[in-house]
file data23.txt (compact mmCIF, C-alpha atoms and all ligand atoms)
# COMPACT_ATOMS: atom_id res chain seq x y z
CA MET A 99 -4.47 -26.75 10.26
CA THR A 100 -1.85 -24.70 12.08
CA ILE A 101 -1.18 -21.05 11.23
CA GLY A 102 1.86 -19.14 12.47
CA VAL A 103 2.56 -15.40 12.63
CA LEU A 104 6.13 -14.12 12.48
CA LYS A 105 7.47 -10.91 14.00
CA GLU A 106 8.35 -8.45 11.21
CA PRO A 107 11.86 -7.01 10.83
CA LEU A 108 12.42 -3.37 11.89
CA PRO A 109 11.42 -0.68 10.90
CA GLU A 110 8.12 -2.47 10.21
CA THR A 111 5.57 -1.89 12.97
CA ARG A 112 2.66 -3.88 11.56
CA VAL A 113 1.80 -7.50 12.23
CA SER A 114 -0.09 -9.98 10.03
CA LEU A 115 -2.85 -10.68 12.59
CA LEU A 116 -4.18 -8.89 15.67
CA PRO A 117 -5.72 -10.77 18.62
CA GLU A 118 -9.21 -9.96 17.26
CA HIS A 119 -8.49 -12.06 14.16
CA ILE A 120 -7.70 -15.23 16.12
CA LEU A 121 -11.40 -15.98 16.66
CA ILE A 122 -12.04 -15.93 12.90
CA LEU A 123 -9.32 -18.55 12.40
CA LYS A 124 -10.56 -20.64 15.33
CA LYS A 125 -13.89 -20.88 13.50
CA LEU A 126 -11.92 -22.40 10.60
CA ASN A 127 -10.66 -25.06 13.05
CA ALA A 128 -7.16 -23.61 12.85
CA GLU A 129 -4.67 -23.48 15.70
CA VAL A 130 -2.70 -20.21 15.78
CA PHE A 131 0.91 -19.68 16.89
CA ILE A 132 2.37 -16.20 17.40
CA GLU A 133 6.04 -15.32 17.63
CA SER A 134 6.65 -13.60 20.96
CA ASN A 135 6.43 -9.79 20.65
CA ALA A 136 5.13 -9.99 17.06
CA GLY A 137 2.38 -7.47 17.84
CA ALA A 138 4.28 -5.26 20.28
CA LYS A 139 4.70 -2.33 17.87
CA ALA A 140 1.02 -2.55 16.88
CA PHE A 141 -0.06 -2.35 20.53
CA ALA A 142 -1.01 -6.05 20.69
CA SER A 143 0.72 -7.80 23.58
CA ASP A 144 1.54 -11.50 23.87
CA GLU A 145 -1.02 -11.67 26.71
CA LYS A 146 -3.80 -10.38 24.43
CA TYR A 147 -2.98 -13.02 21.79
CA ALA A 148 -2.98 -15.72 24.49
CA GLU A 149 -6.33 -14.49 25.86
CA ALA A 150 -7.74 -14.70 22.32
CA GLY A 151 -6.69 -18.35 22.14
CA ALA A 152 -3.33 -18.25 20.33
CA THR A 153 -0.12 -19.84 21.62
CA VAL A 154 2.92 -17.58 21.93
CA LEU A 155 6.20 -19.24 20.91
CA SER A 156 9.70 -18.39 19.68
CA GLY A 157 10.12 -17.64 15.95
CA GLU A 158 11.81 -20.99 15.38
CA GLU A 159 8.99 -22.88 17.09
CA VAL A 160 6.36 -20.98 15.09
CA ILE A 161 8.04 -22.01 11.83
CA ALA A 162 8.50 -25.62 12.93
CA LYS A 163 4.89 -26.07 14.10
CA SER A 164 2.92 -24.16 11.44
CA ASP A 165 1.53 -25.38 8.11
CA ILE A 166 0.84 -21.83 6.91
CA ILE A 167 3.15 -18.99 7.97
CA LEU A 168 2.09 -15.35 7.80
CA SER A 169 4.68 -12.62 7.36
CA ILE A 170 4.15 -9.22 5.74
CA HIS A 171 7.76 -9.10 4.51
CA LEU A 172 9.62 -12.09 3.11
CA PRO A 173 11.55 -13.83 5.93
CA ALA A 174 15.36 -13.61 5.88
CA GLU A 175 17.25 -16.06 3.65
CA LYS A 176 18.33 -18.33 6.51
CA GLU A 177 14.68 -18.67 7.56
CA ILE A 178 13.50 -19.45 4.04
CA GLU A 179 15.64 -22.59 4.29
CA LYS A 180 13.43 -23.75 7.19
CA LEU A 181 10.23 -23.12 5.22
CA ARG A 182 10.74 -26.05 2.85
CA SER A 183 7.37 -27.73 2.08
CA LYS A 184 5.48 -25.08 4.05
CA ILE A 185 3.16 -22.34 2.85
CA ILE A 186 3.89 -18.67 3.38
CA LEU A 187 1.51 -15.80 2.79
CA GLY A 188 2.42 -12.11 2.75
CA PHE A 189 3.07 -8.99 0.72
CA TYR A 190 6.14 -9.94 -1.31
CA GLN A 191 5.85 -7.82 -4.52
CA PRO A 192 7.27 -10.56 -6.79
CA LEU A 193 7.24 -8.40 -9.92
CA TYR A 194 9.72 -6.02 -8.27
CA ASN A 195 11.67 -8.78 -6.48
CA PRO A 196 12.06 -11.66 -8.97
CA GLU A 197 15.18 -12.91 -7.15
CA ASP A 198 13.07 -13.63 -4.07
CA VAL A 199 10.71 -15.79 -6.11
CA LYS A 200 13.69 -17.75 -7.43
CA LYS A 201 14.89 -18.40 -3.86
CA LEU A 202 11.45 -19.59 -2.79
CA LYS A 203 11.22 -21.96 -5.74
CA GLU A 204 14.69 -23.37 -5.09
CA LYS A 205 13.78 -24.08 -1.46
CA LYS A 206 10.43 -25.61 -2.49
CA VAL A 207 8.37 -23.14 -0.47
CA THR A 208 4.75 -22.62 -1.52
CA ALA A 209 4.27 -18.87 -1.43
CA PHE A 210 1.22 -16.64 -1.89
CA SER A 211 1.71 -12.93 -2.43
CA ILE A 212 -1.47 -11.05 -1.59
CA ASP A 213 -0.50 -8.00 -3.69
CA MET A 214 -0.98 -10.19 -6.80
CA LEU A 215 -4.74 -10.56 -6.29
CA PRO A 216 -6.69 -9.80 -9.44
CA ARG A 217 -8.81 -6.70 -8.94
CA THR A 218 -12.24 -8.27 -9.08
CA THR A 219 -15.32 -7.67 -6.95
CA ARG A 220 -14.80 -11.00 -5.13
CA ALA A 221 -11.23 -9.99 -4.24
CA GLN A 222 -12.15 -6.67 -2.65
CA SER A 223 -12.38 -8.01 0.92
CA MET A 224 -8.84 -9.42 0.62
CA ASP A 225 -7.25 -6.47 -1.15
CA VAL A 226 -4.27 -5.47 0.96
CA LEU A 227 -3.10 -2.99 -1.72
CA SER A 228 -6.34 -1.05 -1.18
CA SER A 229 -6.53 -1.20 2.61
CA GLN A 230 -2.93 -0.06 3.00
CA ALA A 231 -3.11 2.55 0.20
CA ASN A 232 -6.07 4.10 1.98
CA ILE A 233 -3.88 4.70 5.03
CA ALA A 234 -1.00 5.97 2.89
CA GLY A 235 -3.24 8.57 1.22
CA TYR A 236 -4.61 9.78 4.56
CA LYS A 237 -1.22 9.89 6.29
CA ALA A 238 0.44 11.61 3.30
CA VAL A 239 -1.79 14.63 3.73
CA LEU A 240 -1.35 14.72 7.52
CA LEU A 241 2.42 14.48 7.13
CA ALA A 242 2.46 17.27 4.55
CA ALA A 243 0.20 19.46 6.71
CA ASN A 244 2.57 18.93 9.63
CA LEU A 245 5.63 19.99 7.64
CA PHE A 246 4.00 22.81 5.68
CA PRO A 247 4.78 26.21 7.25
CA ARG A 248 1.26 27.51 6.67
CA TYR A 249 -2.39 26.68 7.39
CA LEU A 250 -4.38 24.42 5.06
CA PRO A 251 -7.81 26.03 5.65
CA MET A 252 -8.74 29.59 4.82
CA PHE A 253 -9.08 31.98 7.79
CA MET A 254 -10.38 35.53 8.07
CA THR A 255 -9.01 36.80 11.38
CA ALA A 256 -8.41 40.13 13.10
CA ALA A 257 -4.74 39.48 12.42
CA GLY A 258 -5.35 39.26 8.69
CA SER A 259 -6.62 36.78 6.11
CA ILE A 260 -5.07 33.41 5.41
CA PRO A 261 -5.73 31.95 1.94
CA PRO A 262 -6.39 28.19 1.71
CA ALA A 263 -3.46 25.98 0.75
CA LYS A 264 -3.39 24.58 -2.80
CA VAL A 265 -2.94 20.81 -2.91
CA LEU A 266 -2.21 18.91 -6.12
CA ILE A 267 -2.78 15.16 -6.26
CA LEU A 268 -1.36 13.08 -9.09
CA GLY A 269 -3.15 9.76 -9.44
CA ALA A 270 -6.68 9.22 -8.11
CA GLY A 271 -6.57 5.51 -7.22
CA VAL A 272 -7.24 4.33 -3.68
CA ALA A 273 -4.45 6.39 -2.06
CA GLY A 274 -5.15 9.47 -4.20
CA LEU A 275 -8.89 9.49 -3.46
CA GLN A 276 -8.23 9.22 0.29
CA ALA A 277 -5.65 12.02 0.00
CA ILE A 278 -8.23 14.21 -1.78
CA ALA A 279 -10.85 13.53 0.91
CA THR A 280 -8.37 14.26 3.72
CA ALA A 281 -7.05 17.48 2.14
CA ARG A 282 -10.61 18.66 1.52
CA ARG A 283 -11.58 17.93 5.15
CA LEU A 284 -8.68 20.15 6.20
CA GLY A 285 -9.99 22.93 3.98
CA ALA A 286 -7.44 22.90 1.15
CA VAL A 287 -8.24 23.66 -2.48
CA VAL A 288 -7.48 20.48 -4.43
CA GLU A 289 -6.58 19.79 -8.08
CA VAL A 290 -6.19 16.28 -9.47
CA PHE A 291 -4.68 14.53 -12.50
CA ASP A 292 -5.25 10.91 -13.53
CA THR A 293 -4.92 9.12 -16.86
CA ARG A 294 -8.16 7.20 -16.27
CA PRO A 295 -11.05 9.52 -17.19
CA ALA A 296 -13.38 7.18 -15.25
CA VAL A 297 -12.23 8.73 -11.96
CA LYS A 298 -13.34 12.25 -12.90
CA GLU A 299 -16.76 11.86 -11.23
CA GLU A 300 -15.30 10.44 -8.01
CA VAL A 301 -12.78 13.30 -7.84
CA MET A 302 -15.48 15.92 -8.38
CA SER A 303 -17.78 14.32 -5.81
CA LEU A 304 -15.03 14.87 -3.22
CA GLY A 305 -15.00 18.58 -4.04
CA ALA A 306 -11.75 18.63 -6.04
CA LYS A 307 -11.07 19.90 -9.56
CA PHE A 308 -10.18 17.22 -12.15
CA ILE A 309 -7.78 18.43 -14.83
CA GLU A 310 -8.32 16.59 -18.07
CA VAL A 311 -5.62 15.75 -20.58
CA GLU A 312 -7.00 14.37 -23.81
CA GLY A 313 -5.65 11.31 -25.60
CA ALA A 314 -4.93 8.92 -22.69
CA ALA A 315 -4.46 5.24 -23.61
CA ASP A 316 -7.55 3.14 -22.85
CA ALA A 317 -7.12 1.34 -19.51
CA SER A 318 -10.61 -0.14 -19.35
CA LYS A 319 -9.27 -3.67 -19.99
CA ALA A 320 -6.36 -3.45 -17.55
CA GLY A 321 -8.30 -4.79 -14.54
CA GLY A 322 -8.57 -1.45 -12.75
CA TYR A 323 -4.88 -0.60 -13.22
CA ALA A 324 -3.40 2.22 -15.31
CA VAL A 325 -1.50 1.43 -18.52
CA GLU A 326 1.62 3.02 -19.95
CA GLN A 327 0.99 6.18 -21.98
CA SER A 328 2.40 7.36 -25.32
CA ALA A 329 5.27 9.87 -25.39
CA ALA A 330 2.94 12.46 -27.00
CA PHE A 331 0.36 12.11 -24.20
CA LEU A 332 3.03 12.29 -21.48
CA GLN A 333 4.42 15.49 -23.03
CA LYS A 334 0.96 17.10 -23.13
CA GLN A 335 0.30 15.97 -19.56
CA LYS A 336 3.69 17.28 -18.42
CA GLU A 337 2.90 20.79 -19.70
CA LYS A 338 -0.42 20.88 -17.80
CA ILE A 339 1.08 19.37 -14.65
CA ALA A 340 3.90 21.97 -14.77
CA MET A 341 1.33 24.79 -14.55
CA SER A 342 -0.42 23.16 -11.56
CA VAL A 343 2.83 22.29 -9.75
CA ALA A 344 4.06 25.90 -9.96
CA LYS A 345 1.04 27.19 -8.03
CA SER A 346 0.76 24.28 -5.55
CA ASP A 347 1.83 24.37 -1.90
CA ILE A 348 1.57 20.61 -1.34
CA VAL A 349 1.83 17.86 -3.96
CA ILE A 350 0.91 14.23 -3.23
CA THR A 351 1.97 11.86 -6.00
CA THR A 352 0.51 8.34 -6.19
CA ALA A 353 0.81 7.40 -9.88
CA GLN A 354 1.81 3.77 -10.38
CA ILE A 355 1.65 1.24 -13.19
CA PHE A 356 1.30 -2.34 -11.96
CA GLY A 357 4.58 -4.27 -12.24
CA LYS A 358 6.41 -1.37 -13.93
CA LYS A 359 8.47 1.63 -12.90
CA ALA A 360 6.33 4.59 -11.76
CA PRO A 361 5.91 7.33 -14.41
CA LEU A 362 8.12 10.41 -14.01
CA LEU A 363 5.64 13.29 -13.73
CA ILE A 364 7.53 16.07 -11.91
CA THR A 365 10.95 17.27 -13.09
CA ASP A 366 13.68 19.28 -11.30
CA GLU A 367 12.62 22.26 -13.36
CA MET A 368 9.02 22.06 -12.11
CA ILE A 369 10.16 21.76 -8.49
CA GLY A 370 12.42 24.76 -9.08
CA LYS A 371 9.32 26.86 -9.77
CA MET A 372 7.56 25.92 -6.50
CA LYS A 373 7.50 28.27 -3.52
CA ASN A 374 10.01 27.79 -0.69
CA GLY A 375 8.50 25.68 2.09
CA SER A 376 6.31 23.63 -0.29
CA VAL A 377 6.08 19.91 0.39
CA ILE A 378 5.90 16.92 -1.98
CA ILE A 379 4.98 13.48 -0.65
CA ASP A 380 5.82 10.81 -3.23
CA LEU A 381 3.84 7.64 -2.52
CA ALA A 382 5.31 5.99 -5.61
CA ALA A 383 8.84 6.18 -4.14
CA ALA A 384 9.24 2.40 -3.78
CA THR A 385 8.68 1.84 -7.50
CA GLY A 386 10.96 4.62 -8.73
CA GLY A 387 9.03 7.72 -7.68
CA ASN A 388 6.98 10.28 -9.62
CA THR A 389 9.55 13.06 -9.25
CA SER A 390 13.10 13.28 -10.59
CA VAL A 391 14.57 13.89 -7.12
CA THR A 392 12.65 11.34 -5.02
CA LYS A 393 14.77 8.94 -3.00
CA ASN A 394 13.01 5.92 -1.54
CA ASP A 395 12.67 6.13 2.25
CA GLU A 396 14.52 9.45 2.32
CA THR A 397 13.68 13.15 2.54
CA VAL A 398 15.38 15.41 0.03
CA VAL A 399 15.31 19.21 0.11
CA TYR A 400 15.59 20.69 -3.38
CA ASN A 401 15.40 24.44 -3.93
CA GLY A 402 13.61 24.94 -0.61
CA VAL A 403 11.03 22.23 -1.38
CA MET A 404 10.88 19.10 0.77
CA ILE A 405 10.40 15.85 -1.19
CA ILE A 406 9.49 12.92 1.04
CA GLY A 407 9.85 9.39 -0.29
CA ASN A 408 8.50 7.50 2.72
CA SER A 409 7.15 4.34 1.13
CA ASN A 410 5.80 2.72 4.26
CA LEU A 411 3.31 5.23 5.63
CA PRO A 412 0.89 2.44 6.67
CA ALA A 413 3.52 1.48 9.29
CA THR A 414 3.01 4.90 10.92
CA MET A 415 -0.51 3.78 11.85
CA PRO A 416 0.28 0.20 12.93
CA TYR A 417 -2.91 -0.63 14.78
CA ASP A 418 -5.45 0.15 12.05
CA ALA A 419 -3.04 -0.96 9.33
CA SER A 420 -2.69 -4.38 11.02
CA LYS A 421 -6.43 -4.53 11.73
CA MET A 422 -7.24 -4.14 8.03
CA TYR A 423 -4.29 -6.24 6.80
CA GLY A 424 -5.28 -9.06 9.19
CA LYS A 425 -8.91 -8.98 8.06
CA ASN A 426 -7.80 -9.13 4.42
CA ILE A 427 -5.56 -12.11 5.23
CA CYS A 428 -8.32 -13.95 7.15
CA ASN A 429 -10.64 -13.48 4.18
CA PHE A 430 -7.98 -14.97 1.88
CA LEU A 431 -7.33 -17.88 4.27
CA GLN A 432 -11.03 -18.76 4.09
CA LEU A 433 -10.45 -19.41 0.39
CA ILE A 434 -7.70 -21.96 0.94
CA ILE A 435 -8.92 -23.69 4.12
CA ASP A 436 -12.10 -25.78 3.98
CA LYS A 437 -14.78 -26.19 6.67
CA GLU A 438 -12.96 -29.11 8.27
CA GLY A 439 -9.86 -26.96 8.67
CA LYS A 440 -8.00 -28.72 5.85
CA LEU A 441 -5.96 -27.11 3.12
CA ASN A 442 -7.93 -26.75 -0.11
CA LEU A 443 -5.89 -25.26 -2.95
CA ASN A 444 -8.29 -24.84 -5.86
CA MET A 445 -6.06 -23.88 -8.77
CA GLU A 446 -9.11 -23.10 -10.86
CA ASP A 447 -9.95 -20.21 -8.57
CA ASP A 448 -8.50 -17.05 -10.15
CA LEU A 449 -7.68 -15.58 -6.72
CA VAL A 450 -5.70 -18.64 -5.61
CA LYS A 451 -3.99 -19.01 -8.98
CA GLY A 452 -3.24 -15.28 -9.26
CA THR A 453 -1.51 -15.00 -5.89
CA LEU A 454 0.51 -18.24 -6.03
CA ILE A 455 4.06 -17.09 -6.82
CA SER A 456 5.99 -20.24 -5.96
P1 LIG B 501 -2.41 2.41 -8.48
O1 LIG B 501 -1.81 2.47 -7.12
O2 LIG B 501 -1.98 1.30 -9.38
O3 LIG B 501 -2.17 3.81 -9.23
C1 LIG B 501 -2.60 5.02 -8.65
C2 LIG B 501 -3.28 5.89 -9.65
O4 LIG B 501 -2.30 6.48 -10.51
C3 LIG B 501 -4.28 5.20 -10.57
O5 LIG B 501 -5.54 5.82 -10.43
C4 LIG B 501 -3.68 5.41 -11.96
O6 LIG B 501 -4.68 5.55 -12.97
C5 LIG B 501 -2.87 6.67 -11.79
N1 LIG B 501 -1.84 6.89 -12.81
C6 LIG B 501 -1.01 6.00 -13.41
N2 LIG B 501 -0.22 6.62 -14.31
C7 LIG B 501 -0.52 7.95 -14.26
C8 LIG B 501 -0.03 9.11 -14.93
N3 LIG B 501 0.90 9.04 -15.87
N4 LIG B 501 -0.59 10.30 -14.61
C9 LIG B 501 -1.56 10.41 -13.68
N5 LIG B 501 -2.08 9.34 -13.02
C10 LIG B 501 -1.56 8.14 -13.31
O7 LIG B 501 -4.00 2.39 -8.40
P2 LIG B 501 -4.94 1.77 -7.29
O8 LIG B 501 -5.09 2.69 -6.17
O9 LIG B 501 -4.44 0.44 -6.97
O10 LIG B 501 -6.36 1.68 -8.01
C11 LIG B 501 -6.55 1.62 -9.38
C12 LIG B 501 -8.00 1.25 -9.69
O11 LIG B 501 -8.29 -0.09 -9.32
C13 LIG B 501 -9.03 2.11 -8.98
O12 LIG B 501 -10.06 2.42 -9.88
C14 LIG B 501 -9.55 1.22 -7.90
O13 LIG B 501 -10.88 1.55 -7.52
C15 LIG B 501 -9.50 -0.12 -8.59
N6 LIG B 501 -9.42 -1.19 -7.59
C16 LIG B 501 -10.25 -2.26 -7.72
C17 LIG B 501 -10.18 -3.28 -6.78
C18 LIG B 501 -11.09 -4.46 -6.86
O14 LIG B 501 -12.04 -4.42 -7.59
N7 LIG B 501 -10.79 -5.53 -6.12
C19 LIG B 501 -9.28 -3.20 -5.73
C20 LIG B 501 -8.46 -2.08 -5.65
C21 LIG B 501 -8.54 -1.08 -6.60
call {"tool": "encode", "arguments": {"input": "data23.txt", "output": "structure tokens", "more": "lines below"}}
Ligand code: NAD
result
Amino acid sequence: MTIGVLKEPLPETRVSLLPEHILILKKLNAEVFIESNAGAKAFASDEKYAEAGATVLSGEEVIAKSDIILSIHLPAEKEIEKLRSKIILGFYQPLYNPEDVKKLKEKKVTAFSIDMLPRTTRAQSMDVLSSQANIAGYKAVLLAANLFPRYLPMFMTAAGSIPPAKVLILGAGVAGLQAIATARRLGAVVEVFDTRPAVKEEVMSLGAKFIEVEGAADASKAGGYAVEQSAAFLQKQKEKIAMSVAKSDIVITTAQIFGKKAPLLITDEMIGKMKNGSVIIDLAAATGGNTSVTKNDETVVYNGVMIIGNSNLPATMPYDASKMYGKNICNFLQLIIDKEGKLNLNMEDDLVKGTLIS
């Protein structure tokens, strides 16, 4: 079995595998090829990959020599042509990019998209959505703290008292919970909304206040994901969120619905009532955003409030992001490569079946 790693297009800084992952694949009897400079932005040099036992080649050679090709983003169209009869594995978000899936099918490429893993206990060690969302939640708070013109913790000093900052977090999934923990560590007072009442205990155990809105649609059978809510619920939720937004200094929004557009939770009017200098980080920007003014991968200033739609915060921490991504990928590869190092695609396995997009 040969496995190749491609260099990601800019502005991506992550890489599918770090040198430390090569040993895991060697144990699977796999030979690993790395495109030259693939790990440069994640502080992994070609020399380190070579020391770990991988062979560094040009991108073209990696594609030609590999049975399985790893790339976080889908390769460019002219490269897809060269992938005919090969296997690619990455983070391709097929539900938001159906045209890409069509291209892959036309070119007869076997493609696995790791973001399509069902959310089961067995899948946890491969769950790229979780490992990367954890970083996004942490970095969202640090970014907001950096831009916010005040302290987050409370201080009583000879120069006067500083009240703690008020942070509002919408959505307490993986990113939201990490954002709560990070904001609490920095001393902020934190309020949280989520449509899944099951997260209330987790939110409270992190020292935040959970604001309940009654009448949410039951999401217990949606495999861990949220479901769409009724217009009546959304209206009730909007009124409560409006009150919290008006008194918040920092808002981190993370609310997403798998495969659908993100719910609109914060309107222009609500932002208009926030204090000048407040900061909103919208982690749902790539799927439409949770505010009415969010622009994906842009920063908008509206009424003195900064709304940041940076949808690739994991790329701001490329080393740990690649370390976790690579471990997730190695765990998935162990599902589709047998002990003799041969490909073993068991279509009865829900994880293999669920991630196969072409
Ligand atoms: P996500 O990124 O899909 O959504 C983020 C959060 O937004 C969710 O908590 C969701 O309930 C919330 N949300 C959606 N609509 C909302 C609205 N209108 N208002 C307020 N909040 C709203 O979620 P996620 O981080 O991927 O995690 C979702 C759940 O799945 C969590 O309970 C997590 O622990 C679980 N999970 C399980 C596995 C596994 O078992 N393999 C892996 C990852 C996550």
call {"tool": "atom_distance", "arguments": {"input": "data23.txt", "atom1": "CA of Met224 in chain A", "atom2": "CA of Ala162 in chain A"}}
result
26.7 Å
call {"tool": "residues_near_ligand", "arguments": {"input": "data23.txt", "ligand": "ligand LIG 501 (chain B)", "cutoff": "9 Å", "atoms": "all atoms listed in the file", "output": "ChimeraX atom specification"}}
result
/A:215-229,231-232,267-275,290-297,314,317,321-327,331-332,335,351-356,360-363,381-382,388
call {"tool": "closest_residue", "arguments": {"input": "data23.txt", "among": "A:Ile212, A:Ala136, A:Leu155, A:Ile233", "to": "Met422 in chain A", "atoms": "all atoms listed in the file"}}
result
A:Ile233
call {"tool": "residues_near_point", "arguments": {"input": "data23.txt", "point": "(0.6, 21.7, -1.1)", "cutoff": "12 Å", "atoms": "only C-alpha atoms", "output": "ChimeraX atom specification"}}
result
/A:238-251,262-268,277-278,281-282,284-289,342-351,372-379,403-405
call {"tool": "atom_distance", "arguments": {"input": "data23.txt", "atom1": "CA of Lys451 in chain A", "atom2": "CA of Glu133 in chain A"}}
result
28.7 Å
call {"tool": "atom_distance", "arguments": {"input": "data23.txt", "atom1": "CA of Lys359 in chain A", "atom2": "CA of Pro196 in chain A"}}
result
14.3 Å
